[in-house]
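Colleague: Sending over start15.txt (compact mmCIF, C-alpha atoms).
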# COMPACT_ATOMS: atom_id res chain seq x y z
CA MET H 1 2.81 5.34 3.47
CA GLN H 2 5.37 3.22 1.69
CA LEU H 3 6.70 -0.31 1.71
CA SER H 4 9.89 -0.99 3.65
CA GLU H 5 13.11 -0.42 1.73
CA THR H 6 13.88 -4.08 2.39
CA VAL H 7 11.26 -4.94 -0.25
CA GLU H 8 13.42 -3.35 -2.94
CA TRP H 9 16.52 -5.08 -1.57
CA GLY H 10 14.85 -8.48 -1.38
CA LEU H 11 13.50 -8.30 -4.92
CA HIS H 12 16.91 -7.37 -6.34
CA ALA H 13 18.62 -10.01 -4.20
CA CYS H 14 16.24 -12.78 -5.31
CA LEU H 15 16.64 -11.70 -8.94
CA ALA H 16 20.43 -11.91 -8.56
CA LEU H 17 20.18 -15.34 -6.91
CA ALA H 18 17.81 -16.56 -9.62
CA MET H 19 20.32 -15.50 -12.27
CA MET H 20 23.14 -17.59 -10.77
CA PRO H 21 23.85 -21.03 -12.26
CA ASP H 22 22.42 -24.11 -10.54
CA GLY H 23 24.37 -25.09 -7.44
CA ALA H 24 25.92 -21.64 -7.00
CA ARG H 25 25.70 -19.78 -3.70
CA ILE H 26 26.86 -16.40 -2.52
CA PRO H 27 27.40 -15.10 1.03
CA ALA H 28 24.89 -12.46 2.21
CA ARG H 29 27.79 -10.05 2.81
CA ALA H 30 28.92 -10.28 -0.83
CA LEU H 31 25.35 -9.95 -2.10
CA ALA H 32 24.95 -6.80 0.01
CA GLU H 33 28.21 -5.37 -1.32
CA TYR H 34 27.18 -6.14 -4.90
CA HIS H 35 24.02 -4.06 -4.39
CA GLY H 36 25.77 -1.28 -2.48
CA ILE H 37 23.78 -1.98 0.72
CA LYS H 38 25.16 -2.10 4.29
CA PRO H 39 25.49 -5.79 5.19
CA SER H 40 24.01 -5.85 8.71
CA TYR H 41 20.48 -4.67 7.94
CA PHE H 42 20.54 -6.45 4.58
CA SER H 43 21.34 -9.76 6.29
CA LYS H 44 18.27 -9.39 8.47
CA ALA H 45 16.13 -8.95 5.38
CA MET H 46 17.70 -12.05 3.83
CA GLN H 47 16.96 -13.94 7.03
CA ARG H 48 13.26 -13.15 6.58
CA LEU H 49 13.39 -14.64 3.09
CA VAL H 50 15.11 -17.73 4.52
CA SER H 51 12.45 -18.06 7.23
CA ALA H 52 9.75 -17.82 4.55
CA GLY H 53 11.34 -20.70 2.65
CA ILE H 54 12.13 -18.55 -0.38
CA VAL H 55 15.91 -18.34 0.02
CA ARG H 56 18.13 -21.11 1.34
CA SER H 57 21.16 -20.49 3.53
CA ILE H 58 23.87 -23.13 3.16
CA GLU H 59 26.34 -23.29 6.06
CA GLY H 60 30.05 -23.99 5.94
CA ARG H 61 33.15 -22.72 4.16
CA SER H 62 31.63 -23.01 0.71
CA GLY H 63 28.23 -21.88 1.98
CA GLY H 64 26.08 -18.91 1.11
CA LEU H 65 22.63 -17.99 -0.13
CA ALA H 66 20.71 -19.58 -2.99
CA MET H 67 17.05 -19.69 -4.02
CA ALA H 68 15.23 -22.41 -2.09
CA ARG H 69 12.79 -23.07 -4.94
CA PRO H 70 12.82 -22.78 -8.73
CA ALA H 71 12.20 -19.20 -9.88
CA GLU H 72 9.01 -20.37 -11.62
CA GLU H 73 7.57 -21.28 -8.22
CA VAL H 74 8.28 -17.97 -6.48
CA SER H 75 5.87 -15.09 -7.00
CA LEU H 76 6.84 -11.49 -6.36
CA LEU H 77 4.00 -11.35 -3.84
CA GLN H 78 5.67 -14.07 -1.77
CA ILE H 79 8.93 -12.11 -1.70
CA VAL H 80 7.20 -8.82 -0.85
CA GLN H 81 5.02 -10.32 1.88
CA ALA H 82 7.99 -12.07 3.48
CA LEU H 83 9.63 -8.66 3.86
CA ASP H 84 6.70 -6.37 4.60
CA ASP H 85 3.56 -8.21 5.53
CA SER H 86 0.85 -6.01 6.90
CA GLY H 87 -2.05 -8.14 5.70
CA GLY H 88 -3.29 -5.37 3.43
CA PHE H 89 -2.92 -1.61 3.29
CA PHE H 90 -6.34 -0.69 4.63
CA ARG H 91 -6.91 -0.98 8.33
CA CYS H 92 -10.61 -1.28 9.28
CA THR H 93 -11.31 -0.42 12.89
CA GLU H 94 -15.08 -0.77 12.47
CA ILE H 95 -15.78 2.91 13.10
CA ARG H 96 -19.40 2.27 12.14
CA GLN H 97 -19.81 0.32 15.39
CA LYS H 98 -18.68 3.32 17.44
CA GLY H 99 -20.39 6.57 18.34
CA PRO H 100 -23.80 7.32 19.82
CA CYS H 101 -25.94 5.88 16.98
CA ALA H 102 -24.36 2.46 16.44
CA ALA H 103 -26.57 -0.62 16.61
CA ALA H 104 -25.84 -3.85 18.50
CA SER H 105 -22.71 -5.64 17.26
CA LYS H 106 -24.70 -8.62 15.95
CA HIS H 107 -25.89 -6.39 13.08
CA TYR H 108 -22.35 -5.85 11.77
CA ARG H 109 -21.36 -9.29 10.51
CA ALA H 110 -20.57 -8.34 6.88
CA PRO H 111 -17.77 -5.84 6.18
CA CYS H 112 -19.06 -2.35 5.40
CA THR H 113 -19.16 -0.85 1.92
CA ILE H 114 -16.01 1.18 2.59
CA ALA H 115 -13.95 -1.78 3.82
CA ARG H 116 -15.12 -3.84 0.85
CA VAL H 117 -13.85 -1.35 -1.75
CA MET H 118 -10.58 -0.83 0.12
CA HIS H 119 -10.04 -4.59 0.39
CA LYS H 120 -10.83 -4.94 -3.31
CA ALA H 121 -8.07 -2.42 -4.08
CA ASP H 122 -5.64 -4.31 -1.84
CA ALA H 123 -6.56 -7.54 -3.63
CA ALA H 124 -5.91 -5.94 -7.04
CA TRP H 125 -2.44 -4.91 -5.85
CA ARG H 126 -1.67 -8.39 -4.58
CA ARG H 127 -3.00 -9.98 -7.77
CA VAL H 128 -0.45 -8.18 -9.99
CA LEU H 129 2.38 -9.41 -7.79
CA SER H 130 1.03 -12.92 -7.42
CA GLU H 131 0.73 -13.25 -11.19
CA THR H 132 4.40 -12.36 -11.75
CA SER H 133 6.97 -15.02 -10.95
CA LEU H 134 10.64 -14.53 -10.29
CA ALA H 135 11.20 -16.42 -13.55
CA ASP H 136 9.11 -13.81 -15.41
CA LEU H 137 11.22 -11.09 -13.82
CA ARG H 138 14.45 -12.88 -14.72
CA HIS H 139 13.28 -13.31 -18.31
CA ALA H 140 12.34 -9.63 -18.66
CA THR H 141 15.63 -8.57 -17.13
CA THR H 142 17.75 -10.66 -19.49
CA GLN H 143 15.90 -9.00 -22.38
CA GLU H 144 17.15 -5.58 -21.41
CA LEU H 145 20.58 -5.95 -19.87
CA ILE H 146 22.39 -2.70 -19.16
CA PRO H 147 25.56 -2.50 -21.32
CA GLY H 148 28.66 -3.65 -19.46
CA VAL H 149 26.99 -4.81 -16.24
CA SER H 150 27.20 -8.55 -17.00
CA GLU H 151 30.88 -8.24 -17.84
CA ALA H 152 31.61 -6.12 -14.76
CA THR H 153 29.69 -8.61 -12.62
CA GLU H 154 31.63 -11.59 -13.96
CA ALA H 155 34.94 -9.83 -13.37
CA TRP H 156 33.89 -8.82 -9.84
CA LEU H 157 32.76 -12.34 -8.99
CA LYS H 158 36.06 -13.75 -10.24
CA GLU H 159 38.07 -11.17 -8.31
CA THR H 160 36.20 -11.59 -5.04
CA GLY H 161 35.52 -15.31 -5.31
CA ALA H 162 32.06 -14.52 -3.95
CA VAL H 163 30.21 -17.25 -5.80
CA ARG H 164 30.77 -20.74 -4.40
CA GLY H 165 29.56 -24.26 -4.93
CA LEU H 166 30.33 -24.46 -8.65
CA MET T 1 2.82 -1.11 6.23
CA GLN T 2 -0.67 0.29 6.44
CA LEU T 3 -2.56 3.41 5.45
CA SER T 4 -3.08 6.07 8.09
CA GLU T 5 -6.16 5.60 10.26
CA THR T 6 -7.30 8.99 8.98
CA VAL T 7 -8.12 7.28 5.67
CA GLU T 8 -10.86 5.27 7.38
CA TRP T 9 -12.12 8.38 9.19
CA GLY T 10 -12.15 10.49 6.04
CA LEU T 11 -14.03 7.91 4.01
CA HIS T 12 -16.71 7.52 6.69
CA ALA T 13 -16.90 11.29 7.16
CA CYS T 14 -17.32 11.95 3.43
CA LEU T 15 -19.97 9.22 3.21
CA ALA T 16 -21.86 10.84 6.10
CA LEU T 17 -21.59 14.29 4.47
CA ALA T 18 -22.75 12.88 1.13
CA MET T 19 -25.83 11.41 2.82
CA MET T 20 -26.93 14.75 4.23
CA PRO T 21 -29.59 16.74 2.36
CA ASP T 22 -28.50 19.57 0.05
CA GLY T 23 -27.53 22.70 1.93
CA ALA T 24 -26.91 20.89 5.21
CA ARG T 25 -23.64 21.27 7.11
CA ILE T 26 -22.31 19.80 10.30
CA PRO T 27 -19.48 21.00 12.56
CA ALA T 28 -16.33 18.86 12.52
CA ARG T 29 -16.70 18.32 16.28
CA ALA T 30 -20.18 16.81 15.89
CA LEU T 31 -19.05 14.65 12.96
CA ALA T 32 -16.18 13.34 15.11
CA GLU T 33 -18.54 12.59 17.98
CA TYR T 34 -20.95 10.79 15.65
CA HIS T 35 -18.10 8.50 14.58
CA GLY T 36 -16.71 8.05 18.09
CA ILE T 37 -13.40 9.74 17.19
CA LYS T 38 -11.51 12.32 19.28
CA PRO T 39 -12.21 15.73 17.70
CA SER T 40 -8.72 17.27 17.64
CA TYR T 41 -6.95 14.77 15.40
CA PHE T 42 -10.13 14.22 13.37
CA SER T 43 -10.35 17.96 12.63
CA LYS T 44 -6.84 17.92 11.19
CA ALA T 45 -7.86 15.11 8.84
CA MET T 46 -10.93 17.08 7.79
CA GLN T 47 -8.71 20.09 7.17
CA ARG T 48 -6.73 18.01 4.65
CA LEU T 49 -9.96 17.19 2.81
CA VAL T 50 -10.83 20.89 2.80
CA SER T 51 -7.38 21.80 1.43
CA ALA T 52 -7.85 19.20 -1.31
CA GLY T 53 -11.13 20.83 -2.34
CA ILE T 54 -13.18 17.75 -1.46
CA VAL T 55 -14.90 19.06 1.67
CA ARG T 56 -16.08 22.64 2.19
CA SER T 57 -15.86 24.41 5.52
CA ILE T 58 -18.52 27.09 5.97
CA GLU T 59 -17.73 29.65 8.66
CA GLY T 60 -20.09 31.33 11.08
CA ARG T 61 -22.77 30.43 13.59
CA SER T 62 -24.66 28.18 11.20
CA GLY T 63 -21.44 26.92 9.64
CA GLY T 64 -19.92 23.49 9.42
CA LEU T 65 -18.65 20.94 6.92
CA ALA T 66 -20.28 19.90 3.67
CA MET T 67 -19.08 18.19 0.51
CA ALA T 68 -17.48 20.72 -1.83
CA ARG T 69 -18.52 18.79 -4.95
CA PRO T 70 -21.34 16.42 -5.94
CA ALA T 71 -20.67 12.86 -4.72
CA GLU T 72 -20.61 11.71 -8.35
CA GLU T 73 -17.51 13.84 -8.90
CA VAL T 74 -15.49 12.58 -5.95
CA SER T 75 -13.59 9.31 -6.29
CA LEU T 76 -12.46 7.28 -3.31
CA LEU T 77 -8.91 7.68 -4.60
CA GLN T 78 -9.16 11.46 -4.25
CA ILE T 79 -10.28 11.10 -0.62
CA VAL T 80 -7.59 8.52 0.19
CA GLN T 81 -4.79 10.48 -1.47
CA ALA T 82 -5.80 13.70 0.29
CA LEU T 83 -5.31 11.89 3.60
CA ASP T 84 -2.34 9.63 2.89
CA ASP T 85 -0.50 10.50 -0.23
CA SER T 86 2.76 8.70 -0.62
CA GLY T 87 2.79 8.68 -4.41
CA GLY T 88 2.69 4.90 -4.50
CA PHE T 89 3.60 2.12 -2.09
CA PHE T 90 6.85 1.06 -3.76
CA ARG T 91 9.87 3.21 -3.21
CA CYS T 92 12.57 2.74 -5.87
CA THR T 93 15.99 3.94 -4.80
CA GLU T 94 17.66 2.72 -7.99
CA ILE T 95 19.73 0.06 -6.25
CA ARG T 96 20.83 -1.17 -9.65
CA GLN T 97 22.89 2.01 -10.05
CA LYS T 98 24.81 1.28 -6.85
CA GLY T 99 27.51 -1.22 -6.03
CA PRO T 100 30.80 -2.08 -7.75
CA CYS T 101 29.36 -3.31 -11.07
CA ALA T 102 26.93 -0.52 -11.97
CA ALA T 103 27.27 1.17 -15.34
CA ALA T 104 27.24 4.92 -16.02
CA SER T 105 23.97 6.62 -15.05
CA LYS T 106 23.08 7.45 -18.67
CA HIS T 107 22.29 3.75 -19.21
CA TYR T 108 19.50 3.75 -16.61
CA ARG T 109 16.85 5.96 -18.20
CA ALA T 110 13.96 3.44 -18.21
CA PRO T 111 12.70 2.07 -14.87
CA CYS T 112 13.98 -1.43 -14.11
CA THR T 113 11.87 -4.57 -14.43
CA ILE T 114 11.29 -4.70 -10.67
CA ALA T 115 10.12 -1.09 -10.41
CA ARG T 116 7.81 -1.61 -13.40
CA VAL T 117 5.96 -4.54 -11.83
CA MET T 118 5.73 -2.80 -8.46
CA HIS T 119 4.38 0.37 -10.10
CA LYS T 120 1.90 -1.74 -12.06
CA ALA T 121 0.60 -3.17 -8.77
CA ASP T 122 0.33 0.33 -7.29
CA ALA T 123 -1.59 1.45 -10.40
CA ALA T 124 -4.01 -1.50 -10.06
CA TRP T 125 -4.70 -0.44 -6.47
CA ARG T 126 -5.33 3.15 -7.47
CA ARG T 127 -7.54 2.08 -10.38
CA VAL T 128 -10.05 0.31 -8.11
CA LEU T 129 -10.37 3.42 -5.97
CA SER T 130 -10.49 5.83 -8.89
CA GLU T 131 -13.33 3.83 -10.47
CA THR T 132 -15.49 4.05 -7.35
CA SER T 133 -17.20 7.37 -6.66
CA LEU T 134 -18.58 8.59 -3.39
CA ALA T 135 -22.01 8.36 -5.05
CA ASP T 136 -21.39 4.63 -5.73
CA LEU T 137 -20.47 4.19 -2.09
CA ARG T 138 -23.54 6.08 -0.93
CA HIS T 139 -25.77 3.99 -3.18
CA ALA T 140 -24.30 0.70 -1.92
CA THR T 141 -24.60 1.87 1.68
CA THR T 142 -28.28 2.79 1.34
CA GLN T 143 -28.92 -0.72 0.00
CA GLU T 144 -27.74 -2.32 3.19
CA LEU T 145 -28.61 -0.02 6.07
CA ILE T 146 -28.00 -1.46 9.51
CA PRO T 147 -31.34 -1.78 11.35
CA GLY T 148 -32.04 1.15 13.66
CA VAL T 149 -29.04 3.30 12.73
CA SER T 150 -30.95 5.76 10.52
CA GLU T 151 -33.57 6.25 13.24
CA ALA T 152 -30.92 6.65 15.95
CA THR T 153 -29.03 9.11 13.74
CA GLU T 154 -32.12 11.23 13.10
CA ALA T 155 -32.94 11.33 16.80
CA TRP T 156 -29.34 12.23 17.69
CA LEU T 157 -29.22 15.00 15.09
CA LYS T 158 -32.49 16.43 16.42
CA GLU T 159 -31.28 16.26 20.01
CA THR T 160 -27.87 17.82 19.37
CA GLY T 161 -28.92 20.26 16.66
CA ALA T 162 -25.70 19.28 14.89
CA VAL T 163 -26.99 19.70 11.35
CA ARG T 164 -27.36 23.28 10.23
CA GLY T 165 -28.25 25.23 7.14
CA LEU T 166 -31.58 23.56 6.43
Have the structure of the file written as structure tokens, please.
Modeller:
Amino acid sequence: MQLSETVEWGLHACLALAMMPDGARIPARALAEYHGIKPSYFSKAMQRLVSAGIVRSIEGRSGGLAMARPAEEVSLLQIVQALDDSGGFFRCTEIRQKGPCAAASKHYRAPCTIARVMHKADAAWRRVLSETSLADLRHATTQELIPGVSEATEAWLKETGAVRGL
Amino acid sequence: MQLSETVEWGLHACLALAMMPDGARIPARALAEYHGIKPSYFSKAMQRLVSAGIVRSIEGRSGGLAMARPAEEVSLLQIVQALDDSGGFFRCTEIRQKGPCAAASKHYRAPCTIARVMHKADAAWRRVLSETSLADLRHATTQELIPGVSEATEAWLKETGAVRGL
């Protein structure tokens, strides 16, 4: 059981958007190409981030994608849940209320001991991601840039004219 | 994205086995019936717990399932991973090494900032489950028994003769 691959895409895409200068925007197609991802499925993932109010899509000739909010105000959990929201990993079907020995349903108001531990684990997972902002991620990433990538990126952006609005 | 339903089954089944007296065993079919689950698919889940060395399957006329180890020595993580082991929720496909601006692969030895946070969240999830033993679960469950269930269970076991080896 794994998260959708769109989670990885969305996190990298938001990081790239958060690293652009203020006012800059980039078409989804160019952002997909930059990450080596096929544009059609990638665009659908971006659309989910737009619907969640995390990414903004600006229309028109000089349009494209940009972060909708400052990176400080976007947690990784928000990005992940916009792309793959299952409401928790553990699915409780209340087995304890089934079978020949179950009591009347009125006795089962509190979640069972098993569901409680599983939900606690899910909460611990969410907590790590809610405590990390896109700004934290951007900061960590700028501390360990891969040699040559910034230069290659700048040259590619210049060549393709992908970034607009500056 | 959710865990397999067999995770819920396996946790309830192990809890039931851990609550049986020493030496007792119960056929997988009866354990499935007790939980209101269809026996065929349930038996496959139990087989995974047997393969993982968590549950023991005793053959013969008075055979059945029993815990293979004391409940103190079985963590919930072991049960969950035996039933749904994906090696973590986040799948990193190293997107950063793709696309037109990526550097040579030798520069990408350490996991990226995104993968690190996602793996940290996965580790937090596993930690909660690794710190809870089946004995903890059994203890918590006996503190909040649902009225009438123990009595109904005893009567059902007597009627069906499901528990053996005593």
Colleague: Please, which residues of chain T lie no more than 6 Å from chain H when the count uses all atoms listed in the file, and can they be set out as a ChimeraX atom specification?
Modeller: /T:1-3,34-36,86,89-90,98-99,101,121,124-125,128,149,152-153
Colleague: Using only C-alpha atoms, which residues sit within 9 Å of T:Cys14 once same-chain residues fewer than 5 positions away are excluded, as a PyMOL selection string?
Modeller: chain T and resi 9+19+54-55+66-67+71+79+134
Colleague: Between atom CA of T:Glu73 and atom CA of T:Ala135, what distance in Å does the model show, to one decimal?
Modeller: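 Result for atom CA of T:Glu73 versus atom CA of T:Ala135: 8.1 Å, one decimal.
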Colleague: Could you check how far atom CA of T:Thr160 sits from atom CA of T:Ile26, in Å to one decimal?
Modeller: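 According to the coordinates, atom CA of T:Thr160 and atom CA of T:Ile26 are separated by 10.8 Å.
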Colleague: Check the smallest atom-to-atom distance from each of T:Gly53, T:Gly10, T:Gly64, T:Pro39 to T:Arg164 using only C-alpha atoms, then report the winner.
Modeller: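 Among the listed residues, T:Gly64 lies closest to T:Arg164.
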Colleague: Mind pulling up the distance from atom CA of H:Ala30 to atom CA of T:Lys106?
Modeller: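 Computed distance, atom CA of T:Lys106 to atom CA of H:Ala30, equals 25.8 Å.
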Colleague: For a quick check of understanding, using all atoms listed in the file, which of T:Ala82, T:Leu17, T:Arg25, T:Ser62 has the smallest distance to T:Arg48?
Modeller: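 Closest to T:Arg48, using all atoms listed in the file: T:Ala82.
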